[in-house]
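Before any comments, here is the structure.
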Amino acid sequence: MGQWPAVKAKRLKAALKKIGWSEKRAQEGSHLTLARDGWPDFVFAFHDVEEIGPKMLSKIAKKTGLNPSDL
């Protein structure tokens with residue numbers, strides 16, 4: 001796995017949608033449920049302006065199939 005940068009949540013959400021994740025149901029507060037065929041649902045619980053660090057991105061990647069090149 002490559003080196004993860006720190007990114008804003010808005011950029012991460014866009015990258016997840018780009019690799020096939022879509023909104024499963026209406027957003028409730030800052031919790032957004034995303035779905036993708038072949039993967040368990042993923043709850044995206046970040047505000048758009050939040051900075052997400054490399055460690056958290058690595059954990060999210062394991063659950064979503066995200067790669068550093070997707071950002």
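By convention here, the chains of the structure tokens are called A, B, ... in the order presented, each chain's residues are numbered starting at 1, and ligands are numbered starting at 1 in the order presented.
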- Message: Taking 5 positions as the minimum chain separation for residues in the same chain, which residues sit within 10 Å of Ala15 of chain A when counting only C-alpha atoms? Answer as a list in words.
- Response: Ala9, Lys10, Gly20, Trp21, Leu66, Asn67, Pro68, Ser69, Asp70 and Leu71 of chain A
- Query: Tell me, which residues of chain A carry DSSP strand (DSSP E or B), written as JSON, numbers by chain?
  - Reply: {"A": [7, 8, 22, 23, 28, 31, 32, 33, 34, 35, 36, 39, 40, 41, 42, 43, 44, 51, 52]}
- Could you tell me which of A:Ala14, A:Ala6, A:Ile19, A:Ala26 comes closest to Pro54 of chain A if we count only C-alpha atoms? A:Ala6
- DSSP-assigned alpha helix (DSSP H) among chain A, expressed as a PyMOL selection string: chain A and resi 9-18+54-64
- Interatomic distance between atom CA of Thr33 of chain A and atom CA of Gly53 of chain A? 20.7 Å
